[in-house]
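**Student:** My questions will all concern the structure given below.
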Amino acid sequence: MPYPPVENQPEQQSPPQKIHLRDDPTFASAKLAAFQYIAVAIFLFLVSGFWELQIKSPEIYNERAERNRIKALPIAAPRGKILDRDGRVIVDSHSTWELILSRENLKQEHLHEIADGLHLDYDDLVKKVTRFRNRPKYEPIVIKEDLTPSDLAFVDSHRDPETFPEMEVIESQHRLYPQNGILAHAIGYTGEISESELDNPDYAKYNQGQIIGKFGIEKEYNDSLMGIDGERQSVVDNLGKEREVLGIKDAIPGKNLQLTVDLDLQVVAELALGDRRGAVVALDPNTGEILAMASHPTFDPNKFAVRIKSADWKELTNDPGNPLLNRAIQAQWAPGSTFKPVTALAGLESGAIDENTTFNCPGGASFYGHFYACWGKHGSVSLHKGITQSCDSYFYNVGNKAGIDNLAFYSHQVGFGARSGIDLPNEAPGVVPSPEWKLRNFRQKWFAGETISVSIGQGATTVTPLQLARAIGGIGVGGVWQVPHLAKSLTGKEKPHEWALSPDNVHRVVYGMFGVVNEGGTGVRAKLPGIDVCGKTGSAQVASAAYERLHPNVKDNAWFVAFAPCYKPEIVVSVLWENCGLHGQFAAPIARDVMVSYFNKKERLAESAKIKQSPASTFAAAITPPAPKPEPPPPAVKPVDPDAIP
Amino acid sequence: MFQSANRRDFDWAMLAIILLICGLGVVQIFSATHGTIWQGSWWKQILYVGAGVLLMWIMTQVDYHAMMQRVYPMYIASVVLLVLVLVIGKRAFGSTRWISLPAGIHLQVSEFAKIVIILLVARFLTELRTDVLELRDLLKLGGMILVPMALIAKEPDLGTSLTYIPILAVGVFLAGVPWKYWLAIGIIGLIVVPIGFLNLQPYQKNRIVSFLDPERDPQGTGYQLIQSKIAVGSGGTWGKGVTKGSQTQLRFLPVPHTDFIFSAFAEEHGFIGVIFVLILYFILLMQIVQDAQTAPDRAGMYICMGVGALLLFHILVNVGMVVGRMPVTGIPLPLMSYGGSSIWSMFLMLGLANSVRVRRFVN
């Protein structure tokens, strides 16, 4: 539209100011139209913004609004207690507070002050936060467990929205294990589920951050011990303040687990083993109940309670003593002379020998052109003398006569060469050598000379302390090998292995083992007044004699296995003392201590039962409420110092 | 000065639309503030609106020519007041924008100075004798506006300061500028914007950076934009209902009764409510443009278009911010956001437009 010419304006006629103000207003009507179009465009631009957010994808924003609004905090389910056979608490849980960082409002620059306030290592904290980078944002990070009162005070005074709103305190359960590593290997420990476990399908039922059993009983019975975490869902405002509770799902506490272990016996076994490297297993051969299980060196499971410090973990894994190895079920060593009862049984049962068979021991025997030495000169040796004196020559001959197939067959019958089925993870199977075994594993022919070594428990034969206790205990009860177990609920549930042994043959072997302890044999140090203890020593080479001479650090292992009483045994104890360098008889006092404690306790309980039945105490019991069971008295026997033994 | 205007000439339809928008604003203020320390705001807003209607009526009665004749003293007074704000002003939320009056009233001078600027631009451009704006005049006008803008930016209140630009821009556009001036303005803009950006306060820079990429720092400067988008998006088609918006009620949305009121409204009333209110604003704007078209003279047209440009700019920046299409600038949504100064200055400007309207048949 053409603009009206300026000359036409009526400015000349009026006073100057008015003239200027009252001119033609329509000169810009095209521009006003343009303004209108611009306005339409702007409004459409704005509407399209709302269209995009509210019509095209409201779900995304709805979900984010819900995530803003609803907060779910886990309620930790208390883990079940672990009790001993008398119901005494071995492992307990206690409530603690732990600090989590909510990553939805985490600011990197706060980490320094948070680390300072909680006395955490800043670099560790940053590493931890970085590790979580690929996880969904709503998963919180636990940055400190077991908050101290001063930590809690720090959090309380700094979690307002202006300072560190990302901090959040939740209640959690902390495992409390016995001190000094008592029963540590059997109980095991718990820990936070690791990244690699999360990727494992077996662990699919667990979530990030959960505390699960990682070792021992804690791992084996994790599902029943763990319980089910609850959850508290609430509506929160921008300050994280709870406005409304939407729902609480209570935690289902884990179930308590009663073990077959007797704490009194366990403590004695731990003390008796002392700082020797080795293991003690005591079990009831009639039921398979493990009464004590010690493995040294041990470790402190409390360090694992939630998350082990990397320094502690390094120390444990680099320790040459390998404290994380449960020697009771994982140490596989040649049984040495403790294998001889099995050789004897194989000879008797296969008919290769009888109780009258004698062999001459001039200090060794020759087979297939090789001389096999005995540790002494025993002259004419019968079965009883052979076991009592642990004569190698005698058993070379028995093994040779019975043959490797019989030796292997009876080894398998007593439970060697296979996992016993104890309710612990990672049990070692041991080895029972045989021609088939050698062919399968080494593609080599069996040499007749190997049979000679096997018959005295050397060669490729290896057993664990648990297997040895179970084997000898099974022979002692006449041919029933119970499945050893730690959970009381398993008693009587698992079918034992049975093999009909001739009672006469059993008696002959047992009588020989009685002689070992009571007739001046090698196990005399395990003798107990008033109780018929049967046992067998073993000093097993871990390498060839020549190698052991060259390497003074590599020494023989000492073994001792014993059961009592001789007739209808109630307890069988096996002891392994690794790298002892002495004869197996020096392991015998350890087993004796355990048995003494067992029989002392039995007697004590019988005594107190008698007192309770008397009328006077009935009256006393009626007027006094039943007191909680007293703490176990100190072990009845003093631990034995190995050096004190001549 | 008070020229009698027929009561029938008063734009009752416009007033109805204004009051409808204000009413929705009051409801939203109630919903967004109940149970908080601002929970009395809704009835205060009613009082502000009532006073605003009165101001609008008075303004309609005043002949805008009379005001234009006194615009230079008014301009000087505004500048002096803005300097005073910087010297003795009341500080809140990190900037000094208010002058305290007795009776607990805090006036935001920059809001009222807008009216003076509109009148100033109208008078300046009306007095031109040429068809097109000469460079000398453009610089003169620009310089006069730059003084209050700089003072306001110093408070610091960049958002309000920027609202003066559309008044100037629309005036210059209507007055007619040779295309080479537009080119020159564009080039100067290209040079000034980066330099200006470097001279911004850190928080202002952050706002612009986080507008471009809000997820970069979702807890910091991007927070408001993200929370606003969540509020709007989760409102969906029909909204969550008054007092039912979780983003608003649980205060994830910042200042849901002032700058982000439209976000709260969008959450609780959904797309339907948004369209309804935007249509109301659009009708109001078109009404003002119509006032400009029917104005008896250039001055009236400039005044109406100044008001219209300011209104459009406010809507664009505030509502655009709510949906994440504009940076966070902290300028209120006219007629809806809580605040006396903003309400009163808007009613005064609408009264100004109405003053032009009632005089459209004078000649």
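Chains: A, B, ... in order of the structure tokens. Residues: from 1 per chain. Ligands: from 1, in order shown.
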Hey, which bits of chain B sit within 7 Å of chain A, and for each residue what's the closest pair of atoms and how far apart in Å (one decimal), counting only C-alpha atoms, rows by chain and increasing number, as JSON lines?
**Tutor:**
{"residue": "B:Thr126", "atom": "CA", "partner": "A:Leu21", "partner_atom": "CA", "distance": 5.9}
{"residue": "B:Glu127", "atom": "CA", "partner": "A:His20", "partner_atom": "CA", "distance": 5.3}
{"residue": "B:Leu174", "atom": "CA", "partner": "A:Ala28", "partner_atom": "CA", "distance": 6.0}
{"residue": "B:Gln219", "atom": "CA", "partner": "A:Asn105", "partner_atom": "CA", "distance": 5.9}
{"residue": "B:Ile230", "atom": "CA", "partner": "A:Tyr61", "partner_atom": "CA", "distance": 4.8}
{"residue": "B:Val232", "atom": "CA", "partner": "A:Gln54", "partner_atom": "CA", "distance": 6.5}
{"residue": "B:Gly233", "atom": "CA", "partner": "A:Leu53", "partner_atom": "CA", "distance": 4.4}
{"residue": "B:Ser234", "atom": "CA", "partner": "A:Asn62", "partner_atom": "CA", "distance": 4.2}
{"residue": "B:Gly235", "atom": "CA", "partner": "A:Gln54", "partner_atom": "CA", "distance": 6.4}
{"residue": "B:Gly236", "atom": "CA", "partner": "A:Gln54", "partner_atom": "CA", "distance": 4.3}
{"residue": "B:Thr237", "atom": "CA", "partner": "A:Gln54", "partner_atom": "CA", "distance": 6.0}
{"residue": "B:Ser246", "atom": "CA", "partner": "A:Arg69", "partner_atom": "CA", "distance": 6.9}
{"residue": "B:Gln247", "atom": "CA", "partner": "A:Ala65", "partner_atom": "CA", "distance": 6.6}
{"residue": "B:Leu250", "atom": "CA", "partner": "A:Asp237", "partner_atom": "CA", "distance": 4.3}
{"residue": "B:Arg251", "atom": "CA", "partner": "A:Asn238", "partner_atom": "CA", "distance": 5.6}
{"residue": "B:Phe252", "atom": "CA", "partner": "A:Asn238", "partner_atom": "CA", "distance": 4.9}
{"residue": "B:Phe271", "atom": "CA", "partner": "A:Gln54", "partner_atom": "CA", "distance": 6.2}
{"residue": "B:Gln293", "atom": "CA", "partner": "A:Ser29", "partner_atom": "CA", "distance": 6.7}
{"residue": "B:Ala295", "atom": "CA", "partner": "A:Pro25", "partner_atom": "CA", "distance": 6.3}
{"residue": "B:Pro296", "atom": "CA", "partner": "A:Pro25", "partner_atom": "CA", "distance": 6.2}
{"residue": "B:Asp297", "atom": "CA", "partner": "A:Pro25", "partner_atom": "CA", "distance": 4.3}
{"residue": "B:Arg298", "atom": "CA", "partner": "A:Pro25", "partner_atom": "CA", "distance": 4.3}
{"residue": "B:Ala299", "atom": "CA", "partner": "A:Leu21", "partner_atom": "CA", "distance": 5.7}
{"residue": "B:Met301", "atom": "CA", "partner": "A:Pro25", "partner_atom": "CA", "distance": 6.4}
{"residue": "B:Leu316", "atom": "CA", "partner": "A:Ile42", "partner_atom": "CA", "distance": 6.8}
{"residue": "B:Val319", "atom": "CA", "partner": "A:Leu46", "partner_atom": "CA", "distance": 6.9}
{"residue": "B:Gly320", "atom": "CA", "partner": "A:Leu46", "partner_atom": "CA", "distance": 6.1}
{"residue": "B:Val323", "atom": "CA", "partner": "A:Gly49", "partner_atom": "CA", "distance": 5.7}
**Student:** For the selection you just gave me, I'd like the residues written to a file as a PDB file, in the first residue's frame, keeping C-alpha atoms.
**Tutor:**
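Contents of the output file result.pdb:
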ATOM      1  CA  THR B 126       4.896  10.382  15.455  1.00  0.00           C
ATOM      2  CA  GLU B 127       6.981  13.513  15.444  1.00  0.00           C
ATOM      3  CA  LEU B 174       5.889   0.328  11.622  1.00  0.00           C
ATOM      4  CA  GLN B 219      20.106 -30.767  39.188  1.00  0.00           C
ATOM      5  CA  ILE B 230       7.704 -32.921  33.180  1.00  0.00           C
ATOM      6  CA  VAL B 232       3.466 -29.930  31.267  1.00  0.00           C
ATOM      7  CA  GLY B 233       3.933 -33.352  29.685  1.00  0.00           C
ATOM      8  CA  SER B 234       2.428 -35.262  32.586  1.00  0.00           C
ATOM      9  CA  GLY B 235      -0.658 -33.068  32.373  1.00  0.00           C
ATOM     10  CA  GLY B 236      -1.625 -34.853  29.174  1.00  0.00           C
ATOM     11  CA  THR B 237      -4.816 -33.992  27.340  1.00  0.00           C
ATOM     12  CA  SER B 246       2.053 -33.646  41.656  1.00  0.00           C
ATOM     13  CA  GLN B 247       4.780 -31.509  40.133  1.00  0.00           C
ATOM     14  CA  LEU B 250       5.017 -31.355  45.718  1.00  0.00           C
ATOM     15  CA  ARG B 251       6.954 -28.307  44.585  1.00  0.00           C
ATOM     16  CA  PHE B 252       9.165 -30.018  42.061  1.00  0.00           C
ATOM     17  CA  PHE B 271      -3.767 -29.528  26.660  1.00  0.00           C
ATOM     18  CA  GLN B 293      -6.067  -0.454  13.091  1.00  0.00           C
ATOM     19  CA  ALA B 295      -6.817   4.292  15.983  1.00  0.00           C
ATOM     20  CA  PRO B 296      -7.610   7.885  15.100  1.00  0.00           C
ATOM     21  CA  ASP B 297      -3.962   8.755  14.507  1.00  0.00           C
ATOM     22  CA  ARG B 298      -0.434   7.405  14.219  1.00  0.00           C
ATOM     23  CA  ALA B 299       0.249   8.037  17.894  1.00  0.00           C
ATOM     24  CA  MET B 301      -1.584   3.145  16.570  1.00  0.00           C
ATOM     25  CA  LEU B 316       6.288 -15.954  23.719  1.00  0.00           C
ATOM     26  CA  VAL B 319       5.042 -19.805  27.644  1.00  0.00           C
ATOM     27  CA  GLY B 320       7.966 -20.777  25.440  1.00  0.00           C
ATOM     28  CA  VAL B 323       7.580 -25.909  27.229  1.00  0.00           C
TER      29      VAL B 323
END
**Student:** Would you mind listing what lies within 10 Å of Val79 of chain B as a list in words, with only C-alpha atoms counted and same-chain residues fewer than 3 positions away left out?
**Tutor:** Pro73, Met74, Tyr75, Ile76, Leu82, Val83, Leu84, Val85, Val109, Ser110, Ala113, Val147, Pro148, Met149, Leu151 and Ile152 of chain B
**Student:** Compare A:His119, A:Arg88, A:Ala373, A:Gln179 by their minimum atom-to-atom distance to Phe154 of chain A, counting only C-alpha atoms, and give me the closest one.
**Tutor:** A:His119
**Student:** Which is closer to Pro334 of chain B than all the others in B:Asp9, B:Asp157, B:Glu134, B:Asp259, using only C-alpha atoms?
**Tutor:** B:Asp259
**Student:** Running DSSP on the backbone, which parts of segment 137-270 of chain A land in strand (DSSP E), as a ChimeraX atom specification?
**Tutor:** /A:141-144,167-176,190-192,211-213,230-236,242-249,257-258
**Student:** Quick one: pull the distance between atom CA of Gln482 of chain A and atom CA of Pro569 of chain A, Å, one decimal.
**Tutor:** 13.4 Å
**Student:** Can you list, as a PyMOL selection string, every protein, DNA or RNA residue that comes within 12 Å of Lys385 of chain A when you count only C-alpha atoms, leaving out same-chain residues fewer than 3 positions away?
**Tutor:** chain A and resi 344+355-361+378-382+388-395+508-509+511-516+519-522
**Student:** Mind listing the alpha helix (DSSP H) residues of segment 191-365 of chain A, per DSSP on the backbone, as a PyMOL selection string?
**Tutor:** chain A and resi 195-199+216-220+222-226+263-273+310-318+327-330+340-350
**Student:** Determine the nearest neighbour of Pro341 of chain A from the options A:Gly80, A:Gly474, A:Pro285, A:Pro140, counting only C-alpha atoms.
**Tutor:**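 Looking only at the distances to Pro341 of chain A, the closest residue turns out to be A:Gly474.
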**Student:** So how many Å separate atom CA of Pro323 of chain A and atom CA of Ser95 of chain A, to one decimal?
**Tutor:**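 Atom CA of Pro323 of chain A sits 28.7 Å away from atom CA of Ser95 of chain A.
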**Student:** Give me, as a short mmCIF file (atom, residue, chain, number, x, y, z; two decimals) with N, CA and C atoms, in the first residue's frame, all polymer residues having an atom no more than 10 Å from Pro496 of chain A, counting only C-alpha atoms and skipping those fewer than 5 positions away in the same chain.
**Tutor:**
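Produced file out33.cif, reproduced below:
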data_model
loop_
_atom_site.label_atom_id
_atom_site.label_comp_id
_atom_site.auth_asym_id
_atom_site.auth_seq_id
_atom_site.Cartn_x
_atom_site.Cartn_y
_atom_site.Cartn_z
N ASN A 286 26.94 -92.29 63.63
CA ASN A 286 25.60 -92.90 63.57
C ASN A 286 24.62 -92.04 62.79
N THR A 287 24.87 -90.74 62.74
CA THR A 287 23.92 -89.85 62.10
C THR A 287 24.55 -89.01 60.99
N GLY A 288 25.86 -88.89 60.99
CA GLY A 288 26.52 -88.01 60.03
C GLY A 288 26.57 -86.56 60.50
N GLY A 474 32.40 -95.01 59.62
CA GLY A 474 31.51 -95.97 58.99
C GLY A 474 31.94 -97.40 59.23
N GLY A 479 29.69 -100.66 58.86
CA GLY A 479 29.40 -100.65 57.42
C GLY A 479 28.28 -99.74 57.00
N VAL A 480 28.05 -98.67 57.76
CA VAL A 480 27.05 -97.67 57.36
C VAL A 480 27.74 -96.31 57.33
N TRP A 481 27.73 -95.72 56.14
CA TRP A 481 28.41 -94.41 56.02
C TRP A 481 27.35 -93.33 55.82
N GLN A 482 27.10 -92.59 56.88
CA GLN A 482 26.08 -91.52 56.82
C GLN A 482 26.60 -90.35 56.00
N VAL A 483 25.66 -89.61 55.44
CA VAL A 483 26.06 -88.39 54.73
C VAL A 483 26.34 -87.32 55.79
N PRO A 484 27.56 -86.81 55.83
CA PRO A 484 27.84 -85.80 56.85
C PRO A 484 27.08 -84.50 56.54
#
**Student:** State, in Å with one decimal place, the distance from atom CA of Asp300 of chain A to atom CA of Glu315 of chain A.
**Tutor:**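 Between atom CA of Asp300 of chain A and atom CA of Glu315 of chain A the gap works out to 12.0 Å.
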**Student:** Residues near Gly330 of chain B, anyone? I mean within 9 Å using only C-alpha atoms, not counting same-chain ones fewer than 4 positions away, as a tab-separated table (two decimals) with C-alpha atoms, in the first residue's frame.
**Tutor:**
chain	number	residue	atom	x	y	z
B	157	ASP	CA	16.91	-8.40	35.59
B	158	LEU	CA	17.82	-9.20	32.02
B	159	GLY	CA	14.37	-10.62	31.21
B	160	THR	CA	12.47	-7.42	31.97
B	258	THR	CA	4.69	-16.66	39.42
B	259	ASP	CA	7.01	-17.36	36.49
B	260	PHE	CA	6.01	-20.98	36.07
B	318	ASN	CA	7.12	-17.09	29.30
**Student:** Got a sec: who's within 10 Å of Thr96 of chain B, counting only C-alpha atoms, leaving out chain neighbours fewer than 2 positions off, as a ChimeraX atom specification?
**Tutor:** /B:85-94,98-99,108,152,154-157
